[in-house]
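One file, entry.csv, carrying CSV, C-alpha atoms:
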```csv
chain,number,residue,atom,x,y,z
A,9,MET,CA,0.0,0.0,0.0
A,10,SER,CA,1.1,3.6,-0.6
A,11,GLU,CA,2.3,5.4,2.5
A,12,GLY,CA,2.4,8.9,3.8
A,13,ILE,CA,2.4,11.8,1.4
A,14,TRP,CA,1.7,9.4,-1.6
A,15,LEU,CA,-1.4,8.1,0.1
A,16,TRP,CA,-2.7,11.7,0.6
A,17,LEU,CA,-1.8,12.6,-3.0
A,18,THR,CA,-3.8,9.5,-4.1
A,19,PHE,CA,-6.8,10.8,-2.0
A,20,ILE,CA,-6.5,14.2,-3.6
A,21,ALA,CA,-6.3,12.6,-7.1
A,22,ILE,CA,-9.4,10.5,-6.4
A,23,GLY,CA,-11.2,13.6,-4.8
A,24,SER,CA,-10.4,15.7,-7.9
A,25,THR,CA,-12.5,13.3,-10.0
A,26,THR,CA,-15.5,13.9,-7.7
A,27,LEU,CA,-15.2,17.7,-8.3
A,28,LEU,CA,-14.4,17.4,-12.0
A,29,THR,CA,-17.4,15.1,-12.8
A,30,ARG,CA,-20.0,16.7,-10.4
A,31,GLY,CA,-18.8,20.2,-11.2
A,32,SER,CA,-18.4,19.7,-15.0
A,33,PHE,CA,-21.6,21.3,-16.3
A,34,ILE,CA,-22.6,23.1,-13.1
A,35,MET,CA,-19.4,25.1,-13.2
A,36,LEU,CA,-19.5,25.7,-17.0
A,37,GLY,CA,-23.1,26.9,-16.8
A,38,GLU,CA,-25.4,27.1,-19.8
A,39,LYS,CA,-22.5,27.3,-22.3
A,40,ALA,CA,-22.1,23.6,-22.7
A,41,ARG,CA,-24.3,20.7,-23.6
A,42,LEU,CA,-23.6,17.0,-23.4
A,43,PRO,CA,-23.9,15.3,-26.9
A,44,ASN,CA,-26.6,12.8,-26.9
A,45,ALA,CA,-24.6,9.8,-28.1
A,46,LEU,CA,-22.0,10.5,-25.3
A,47,HIS,CA,-24.8,10.8,-22.8
A,48,ARG,CA,-26.1,7.4,-23.7
A,49,ALA,CA,-22.6,5.8,-23.7
A,50,LEU,CA,-21.7,7.3,-20.3
A,51,ARG,CA,-24.8,5.7,-18.7
A,52,TYR,CA,-23.1,2.3,-19.1
A,53,ALA,CA,-19.8,3.3,-17.6
A,54,PRO,CA,-20.6,2.7,-13.9
A,55,ALA,CA,-22.2,-0.7,-14.4
A,56,ALA,CA,-19.3,-1.9,-16.6
A,57,ALA,CA,-16.7,-0.5,-14.3
A,58,LEU,CA,-18.2,-2.1,-11.2
A,59,ALA,CA,-18.5,-5.4,-12.9
A,60,ALA,CA,-14.9,-5.2,-14.1
A,61,LEU,CA,-13.8,-4.6,-10.5
A,62,VAL,CA,-16.0,-7.3,-9.0
A,63,ALA,CA,-15.7,-10.2,-11.5
A,64,PRO,CA,-11.9,-10.8,-11.3
A,65,ASP,CA,-12.2,-10.9,-7.5
A,66,ILE,CA,-14.9,-13.5,-7.3
A,67,LEU,CA,-14.0,-15.6,-10.3
A,68,LEU,CA,-10.3,-15.9,-9.9
A,69,ASP,CA,-8.4,-18.0,-7.4
A,70,GLU,CA,-4.7,-17.1,-7.3
A,71,GLY,CA,-4.8,-15.8,-10.8
A,72,SER,CA,-6.6,-18.6,-12.6
A,73,LEU,CA,-10.2,-19.0,-13.4
A,74,GLN,CA,-11.8,-21.0,-10.6
A,75,PRO,CA,-15.6,-20.4,-10.1
A,76,PHE,CA,-15.7,-23.0,-7.3
A,77,ASN,CA,-14.2,-20.8,-4.6
A,78,PRO,CA,-15.6,-19.4,-1.3
A,79,LYS,CA,-15.8,-15.9,-2.6
A,80,PHE,CA,-17.9,-16.9,-5.6
A,81,ALA,CA,-20.3,-18.9,-3.3
A,82,ALA,CA,-20.5,-15.8,-1.0
A,83,ALA,CA,-21.2,-13.6,-4.1
A,84,LEU,CA,-24.1,-15.9,-5.1
A,85,VAL,CA,-25.6,-15.5,-1.6
A,86,VAL,CA,-25.1,-11.7,-1.9
A,87,LEU,CA,-27.0,-11.7,-5.2
A,88,PHE,CA,-29.8,-13.8,-3.7
A,89,PHE,CA,-30.4,-11.4,-0.8
A,90,ALA,CA,-29.9,-8.3,-2.9
A,91,LEU,CA,-32.7,-9.5,-5.3
A,92,ARG,CA,-35.0,-11.0,-2.6
A,93,SER,CA,-34.9,-8.5,0.2
A,94,ARG,CA,-34.9,-4.7,0.6
A,95,ASN,CA,-32.9,-4.9,3.8
A,96,PRO,CA,-29.5,-3.5,2.9
A,97,TRP,CA,-27.7,-5.3,5.8
A,98,LEU,CA,-28.7,-8.9,4.9
A,99,PRO,CA,-26.3,-9.3,1.9
A,100,PHE,CA,-23.4,-8.2,4.1
A,101,ILE,CA,-24.4,-10.4,7.0
A,102,PHE,CA,-25.0,-13.6,5.0
A,103,GLY,CA,-22.3,-13.0,2.4
A,104,MET,CA,-19.6,-12.4,5.0
A,105,GLY,CA,-21.1,-15.1,7.2
A,106,LEU,CA,-20.7,-17.7,4.5
A,107,LEU,CA,-17.2,-16.6,3.6
A,108,ILE,CA,-16.0,-16.6,7.2
A,109,LEU,CA,-17.7,-20.0,7.8
A,110,MET,CA,-16.0,-21.6,4.7
A,111,ARG,CA,-12.6,-20.1,5.4
A,112,LYS,CA,-12.4,-20.5,9.1
A,113,GLY,CA,-14.8,-23.3,9.7
A,114,PHE,CA,-13.8,-25.6,6.8
A,115,GLY,CA,-10.3,-24.1,6.2
A,116,TRP,CA,-11.0,-23.5,2.5
B,24,MET,CA,-32.1,34.1,4.6
B,25,ASN,CA,-35.2,34.8,2.7
B,26,THR,CA,-38.5,33.0,2.8
B,27,ALA,CA,-38.1,31.3,-0.5
B,28,PHE,CA,-34.8,29.8,0.6
B,29,ARG,CA,-36.4,28.5,3.9
B,30,LEU,CA,-39.4,27.0,2.1
B,31,GLY,CA,-37.2,25.3,-0.4
B,32,ALA,CA,-34.9,24.0,2.3
B,33,ARG,CA,-37.7,22.6,4.3
B,34,GLU,CA,-39.3,20.9,1.3
B,35,GLY,CA,-36.0,19.5,0.0
B,36,TRP,CA,-35.1,18.1,3.4
B,37,ARG,CA,-38.5,16.5,3.9
B,38,ASP,CA,-38.4,14.9,0.4
B,39,PHE,CA,-35.0,13.5,0.9
B,40,LEU,CA,-35.2,12.4,4.6
B,41,PRO,CA,-36.7,8.9,4.1
B,42,MET,CA,-34.3,8.0,1.4
B,43,SER,CA,-31.3,9.4,3.3
B,44,LEU,CA,-31.6,6.7,5.9
B,45,GLY,CA,-30.5,4.2,3.2
B,46,LEU,CA,-27.1,5.9,3.4
B,47,VAL,CA,-26.5,4.6,6.9
B,48,PRO,CA,-25.4,1.0,6.1
B,49,TRP,CA,-23.3,2.2,3.1
B,50,ALA,CA,-21.5,4.7,5.2
B,51,VAL,CA,-20.8,2.2,8.1
B,52,VAL,CA,-19.5,-0.4,5.6
B,53,THR,CA,-17.4,2.2,3.8
B,54,GLY,CA,-15.8,3.1,7.1
B,55,ILE,CA,-15.0,-0.5,7.9
B,56,ALA,CA,-13.8,-1.2,4.4
B,57,MET,CA,-11.3,1.7,4.4
B,58,ARG,CA,-9.9,0.3,7.7
B,59,SER,CA,-9.8,-3.2,6.3
B,60,ILE,CA,-7.1,-2.3,3.7
B,61,GLY,CA,-4.9,-0.8,6.5
B,62,LEU,CA,-5.8,2.9,6.5
B,63,SER,CA,-5.7,4.5,10.0
B,64,PRO,CA,-8.9,6.3,11.2
B,65,ILE,CA,-7.3,9.7,10.3
B,66,GLU,CA,-6.4,8.5,6.8
B,67,ALA,CA,-9.9,6.9,6.4
B,68,MET,CA,-11.6,10.1,7.4
B,69,GLY,CA,-9.2,12.2,5.3
B,70,MET,CA,-10.1,10.1,2.2
B,71,ASN,CA,-13.8,10.4,3.1
B,72,LEU,CA,-13.7,14.2,3.3
B,73,LEU,CA,-11.5,14.7,0.2
B,74,VAL,CA,-13.4,12.2,-2.0
B,75,TYR,CA,-16.9,12.2,-0.6
B,76,ALA,CA,-18.1,9.6,-3.3
B,77,GLY,CA,-18.8,6.1,-1.9
B,78,THR,CA,-18.5,4.3,-5.2
B,79,ALA,CA,-15.1,5.9,-6.1
B,80,GLN,CA,-13.9,5.3,-2.5
B,81,LEU,CA,-14.8,1.6,-2.4
B,82,GLY,CA,-13.8,1.0,-6.0
B,83,THR,CA,-10.3,2.4,-5.6
B,84,LEU,CA,-9.6,0.6,-2.2
B,85,PRO,CA,-8.4,-2.7,-3.8
B,86,LEU,CA,-6.1,-0.6,-6.1
B,87,ILE,CA,-4.7,1.4,-3.2
B,88,ALA,CA,-4.3,-1.8,-1.2
B,89,THR,CA,-2.2,-3.5,-3.9
B,90,GLY,CA,-0.1,-0.4,-4.6
B,91,ALA,CA,-1.4,0.3,-8.1
B,92,PRO,CA,0.0,3.3,-10.0
B,93,LEU,CA,-1.6,6.7,-9.3
B,94,TRP,CA,-2.8,7.2,-12.9
B,95,LEU,CA,-4.7,3.9,-12.8
B,96,ILE,CA,-6.3,4.8,-9.5
B,97,PHE,CA,-7.2,8.2,-10.9
B,98,LEU,CA,-8.7,6.8,-14.1
B,99,THR,CA,-10.7,4.2,-12.2
B,100,ALA,CA,-12.2,6.8,-9.9
B,101,MET,CA,-13.0,9.0,-12.9
B,102,VAL,CA,-14.9,6.1,-14.6
B,103,LEU,CA,-16.8,5.3,-11.4
B,104,ASN,CA,-17.7,9.0,-11.1
B,105,LEU,CA,-18.7,9.5,-14.7
B,106,ARG,CA,-22.4,9.3,-13.9
B,107,PHE,CA,-22.1,12.6,-12.2
B,108,VAL,CA,-21.3,14.2,-15.5
B,109,ILE,CA,-24.8,13.2,-16.6
B,110,PHE,CA,-26.3,14.5,-13.3
B,111,SER,CA,-24.3,17.7,-13.6
B,112,ALA,CA,-25.5,18.3,-17.2
B,113,ALA,CA,-29.1,17.7,-16.1
B,114,LEU,CA,-29.0,20.0,-13.1
B,115,ALA,CA,-26.8,22.8,-14.6
B,116,PRO,CA,-29.8,24.9,-15.6
B,117,ALA,CA,-31.0,25.0,-12.0
B,118,PHE,CA,-27.8,26.6,-10.9
B,119,HIS,CA,-27.7,29.2,-13.7
B,120,GLY,CA,-27.1,32.7,-12.4
B,121,HIS,CA,-25.9,31.5,-9.0
B,122,ALA,CA,-22.6,32.8,-7.6
B,123,TRP,CA,-19.4,30.8,-8.3
B,124,SER,CA,-19.0,29.8,-4.6
B,125,ARG,CA,-22.5,28.3,-4.5
B,126,ARG,CA,-21.8,26.3,-7.7
B,127,ALA,CA,-18.5,25.1,-6.2
B,128,ARG,CA,-20.2,23.9,-3.1
B,129,ALA,CA,-22.9,22.2,-5.2
B,130,SER,CA,-20.1,20.5,-7.2
B,131,TYR,CA,-18.7,19.0,-4.0
B,132,LEU,CA,-22.0,18.0,-2.5
B,133,LEU,CA,-24.0,16.6,-5.4
B,134,VAL,CA,-24.9,13.0,-4.6
B,135,ASP,CA,-27.0,10.4,-6.3
B,136,GLY,CA,-29.9,10.4,-3.7
B,137,VAL,CA,-30.5,14.1,-3.8
B,138,PHE,CA,-30.4,14.1,-7.6
B,139,ALA,CA,-32.8,11.2,-7.8
B,140,VAL,CA,-35.3,12.6,-5.4
B,141,GLY,CA,-35.0,16.3,-6.2
B,142,SER,CA,-33.9,17.1,-9.8
B,143,GLU,CA,-37.4,17.3,-11.2
B,144,LYS,CA,-38.7,19.8,-8.7
B,145,MET,CA,-35.5,21.8,-8.9
B,146,LEU,CA,-35.7,22.2,-12.6
B,147,ALA,CA,-39.4,23.0,-12.5
B,148,SER,CA,-39.0,25.9,-10.0
B,149,ASP,CA,-38.3,29.4,-11.4
B,150,ASP,CA,-37.2,30.9,-8.0
B,151,PRO,CA,-33.4,30.7,-7.7
B,152,GLU,CA,-33.4,31.1,-3.9
B,153,TRP,CA,-36.0,28.3,-3.5
B,154,ARG,CA,-34.0,26.0,-5.8
B,155,TRP,CA,-30.8,26.7,-3.8
B,156,GLY,CA,-32.6,25.9,-0.5
B,157,TYR,CA,-34.2,22.9,-2.0
B,158,PHE,CA,-30.8,21.6,-3.1
B,159,ILE,CA,-28.4,22.6,-0.3
B,160,ALA,CA,-30.5,21.5,2.7
B,161,PRO,CA,-30.8,17.8,1.8
B,162,SER,CA,-27.2,17.9,0.4
B,163,ALA,CA,-25.8,19.2,3.6
B,164,TRP,CA,-27.8,16.7,5.6
B,165,ALA,CA,-26.5,13.9,3.4
B,166,TRP,CA,-22.9,15.1,4.0
B,167,CYS,CA,-23.4,15.2,7.8
B,168,LEU,CA,-25.1,11.8,7.9
B,169,TRP,CA,-22.4,10.2,5.6
B,170,GLN,CA,-19.4,11.6,7.5
B,171,SER,CA,-20.7,10.6,10.9
B,172,CYS,CA,-21.7,7.1,9.9
B,173,VAL,CA,-18.4,6.5,8.1
B,174,LEU,CA,-16.6,7.7,11.3
B,175,LEU,CA,-18.7,5.2,13.3
B,176,GLY,CA,-17.6,2.4,10.9
B,177,ALA,CA,-14.0,3.5,10.8
B,178,LEU,CA,-13.8,3.5,14.6
B,179,GLY,CA,-16.0,0.4,15.0
B,180,ALA,CA,-13.7,-1.6,12.8
B,181,GLU,CA,-11.2,-1.8,15.7
B,182,VAL,CA,-13.3,-4.4,17.5
B,183,ILE,CA,-13.6,-6.8,14.5
B,184,PRO,CA,-11.0,-9.5,14.3
B,185,THR,CA,-8.5,-9.0,11.5
B,186,ASP,CA,-8.7,-12.5,10.1
B,187,TRP,CA,-12.3,-12.2,9.1
B,188,SER,CA,-11.6,-11.4,5.4
B,189,LEU,CA,-13.2,-8.0,5.9
B,190,GLU,CA,-11.8,-6.8,2.5
B,191,PHE,CA,-14.6,-8.8,0.9
B,192,MET,CA,-17.1,-6.3,2.2
B,193,VAL,CA,-15.7,-4.0,-0.5
B,194,THR,CA,-16.7,-6.5,-3.2
B,195,ILE,CA,-20.1,-7.0,-1.6
B,196,ALA,CA,-20.7,-3.2,-1.5
B,197,LEU,CA,-19.6,-2.9,-5.2
B,198,MET,CA,-22.0,-5.8,-6.1
B,199,LEU,CA,-24.9,-4.1,-4.3
B,200,MET,CA,-24.3,-0.9,-6.2
B,201,MET,CA,-24.2,-2.8,-9.5
B,202,ILE,CA,-27.2,-5.1,-9.1
B,203,PRO,CA,-29.9,-2.3,-9.1
B,204,MET,CA,-28.2,-0.8,-12.2
B,205,ALA,CA,-28.5,-4.0,-14.1
B,206,ARG,CA,-32.3,-4.0,-14.1
B,207,THR,CA,-32.5,-3.2,-17.8
B,208,ARG,CA,-31.4,-5.6,-20.5
B,209,PRO,CA,-28.7,-3.3,-22.0
B,210,MET,CA,-27.3,-2.4,-18.6
B,211,LEU,CA,-27.1,-6.1,-17.7
B,212,VAL,CA,-25.3,-6.8,-21.0
B,213,ALA,CA,-22.9,-4.0,-20.2
B,214,ALA,CA,-22.1,-5.4,-16.7
B,215,LEU,CA,-21.7,-9.0,-17.9
B,216,ALA,CA,-19.5,-8.0,-20.8
B,217,GLY,CA,-17.4,-5.7,-18.6
B,218,GLY,CA,-16.9,-8.3,-15.9
B,219,LEU,CA,-16.1,-11.1,-18.4
B,220,GLY,CA,-13.8,-8.8,-20.4
B,221,ALA,CA,-11.8,-7.9,-17.3
B,222,VAL,CA,-11.5,-11.5,-16.3
B,223,LEU,CA,-10.4,-12.7,-19.7
B,224,LEU,CA,-8.0,-9.8,-20.3
B,225,ARG,CA,-6.4,-9.9,-16.8
B,226,GLU,CA,-3.0,-10.8,-18.2
B,227,LEU,CA,-2.7,-7.4,-20.0
B,228,PRO,CA,0.1,-5.3,-18.6
B,229,LEU,CA,-0.4,-2.3,-16.2
B,230,ARG,CA,-3.9,-3.7,-15.3
B,231,LEU,CA,-5.1,-2.4,-18.6
B,232,GLY,CA,-7.5,-5.4,-18.6
B,233,LEU,CA,-9.7,-3.4,-16.2
B,234,PHE,CA,-10.1,-0.6,-18.7
B,235,ALA,CA,-10.4,-2.9,-21.7
B,236,GLY,CA,-13.2,-4.6,-19.7
B,237,ILE,CA,-14.9,-1.3,-19.0
B,238,ALA,CA,-14.7,-0.3,-22.7
B,239,ILE,CA,-16.0,-3.6,-23.8
B,240,GLY,CA,-18.9,-3.3,-21.3
B,241,ILE,CA,-19.8,0.2,-22.5
B,242,ALA,CA,-19.7,-0.9,-26.2
B,243,ALA,CA,-21.8,-4.0,-25.4
B,244,GLY,CA,-24.4,-2.0,-23.5
B,245,PHE,CA,-24.6,0.6,-26.3
B,246,ALA,CA,-24.9,-2.2,-28.9
B,247,ALA,CA,-27.6,-4.0,-26.9
B,248,GLU,CA,-29.6,-0.7,-26.6
B,249,HIS,CA,-29.5,-0.3,-30.4
B,250,TRP,CA,-30.5,-3.9,-31.0
B,251,GLN,CA,-33.4,-3.5,-28.5
B,252,GLN,CA,-34.6,-0.3,-30.2
B,253,ARG,CA,-34.4,-1.9,-33.7
B,254,ARG,CA,-36.5,-4.9,-32.4
B,255,ALA,CA,-39.0,-2.6,-30.8
B,256,GLY,CA,-39.3,-0.6,-34.0
B,257,ALA,CA,-39.7,-3.6,-36.3
```
Take the structure I supplied and represent it as structure tokens, if you would.
Amino acid sequence: MSEGIWLWLTFIAIGSTTLLTRGSFIMLGEKARLPNALHRALRYAPAAALAALVAPDILLDEGSLQPFNPKFAAALVVLFFALRSRNPWLPFIFGMGLLILMRKGFGW
Amino acid sequence: MNTAFRLGAREGWRDFLPMSLGLVPWAVVTGIAMRSIGLSPIEAMGMNLLVYAGTAQLGTLPLIATGAPLWLIFLTAMVLNLRFVIFSAALAPAFHGHAWSRRARASYLLVDGVFAVGSEKMLASDDPEWRWGYFIAPSAWAWCLWQSCVLLGALGAEVIPTDWSLEFMVTIALMLMMIPMARTRPMLVAALAGGLGAVLLRELPLRLGLFAGIAIGIAAGFAAEHWQQRRAGA
């Protein structure tokens, strides 16, 4: 992990994206418009980015494709509770619960 | 403070209040997640104040933890925050004519929930003071609630044993943000293609597989949308 001044520079860099994106059109005012095609393409960016971050973590085991691993099982439980319940805590409780049980209980 | 501002503030706060409670678990989890990769409570709260965007915070944690290069972390945060460009473009007319300092504050405070609940009323009102009150009151409330609950999580993380694989909470949180997005067919296609692309291209140098996956996902979502419209038109 980055340490000290680099860590804080990293936070500032991440924070600048918050201001740049949220402020983009609010700061520019009426002068600018977002082109329609770009607007539609941008809608897909967050879902694609979140999936690209999540999928390698749950599908890979030490660098190779291995769907039968504790994290993938926990992810299925998370998916189940996220679709079935409106309680935002349940996916965390059951997902983490299964992962801890499999790793510590069964030493997977 | 004039009457229009106060009326707007009261109405904005009342509209947002029920939804704002949904921030609580997110904030607590974000606090715990930041500690799980080894940030101190001060570092965690520093990140929380500087970034103030849950998705970008959670999404960059795995990259910070593995010591990824700064440009990669920056680009990932940018992509995760891109939806705010859309929100910003949609809300810009409501801030027209307001002072620079107000627009700067709005740029820091604009969050998904306030946009989702309030954008329609904000754009419909023709009183600038009412609009400012209607925006800033719930936004300030969201900020206070978020900061205090993240602090709670960041301090509470002390009591959780370190061998509980807590870093997986980041993955769960990212999944929970993604699942409601993937309700429409093209969005689901974008997510599946993005995830699969990132897995298959993981060997690319400099973690470019992440961006290749995102680009594939956006292209696939866009293509699915076109295909769906063509079918609906036929």
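Minimum atom-to-atom distance to Ala45 in chain A, evaluated using only C-alpha atoms, belongs to B:Ile109 out of B:Ala180, B:Ala129, B:Ala205, B:Ile109.
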message: Given all atoms listed in the file as the basis, pick out the residue of B:Ala79, B:Met68, B:Leu227, B:Ala139 nearest to chain A.
response: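 Residue with the minimum atom-to-atom distance to chain A: B:Ala79.
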- prompt: Taking all atoms listed in the file into account, what are the residues of chain A at most 7 Å from chain B, put as an MDAnalysis selection string?
  reply: chainID A and resid 9:10 18:23 25:27 29:35 37:38 41:42 47 49:60 62:64 86 90 96:97 100 108
Length of the CA of Phe80 in chain A to CA of Ala56 in chain B vector [Å]: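 It comes out at 19.1 Å.
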- request: Would you mind reading off the distance between CA of Pro64 in chain B and CA of Ser24 in chain A, one decimal, in Å?
  value: 21.3 Å
- prompt: Which value, in Å to one decimal, gives the distance between CA of Asp135 in chain B and CA of Trp36 in chain B?
  reply: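 Distance between the two atoms: 14.8 Å.
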field: Exercise: range 41-43 of chain B partners within 12 Å, all atoms listed in the file, chain neighbours under 4 positions left out, as a ChimeraX atom specification
entry: /B:35-37,47-50,134-141,161-169,172
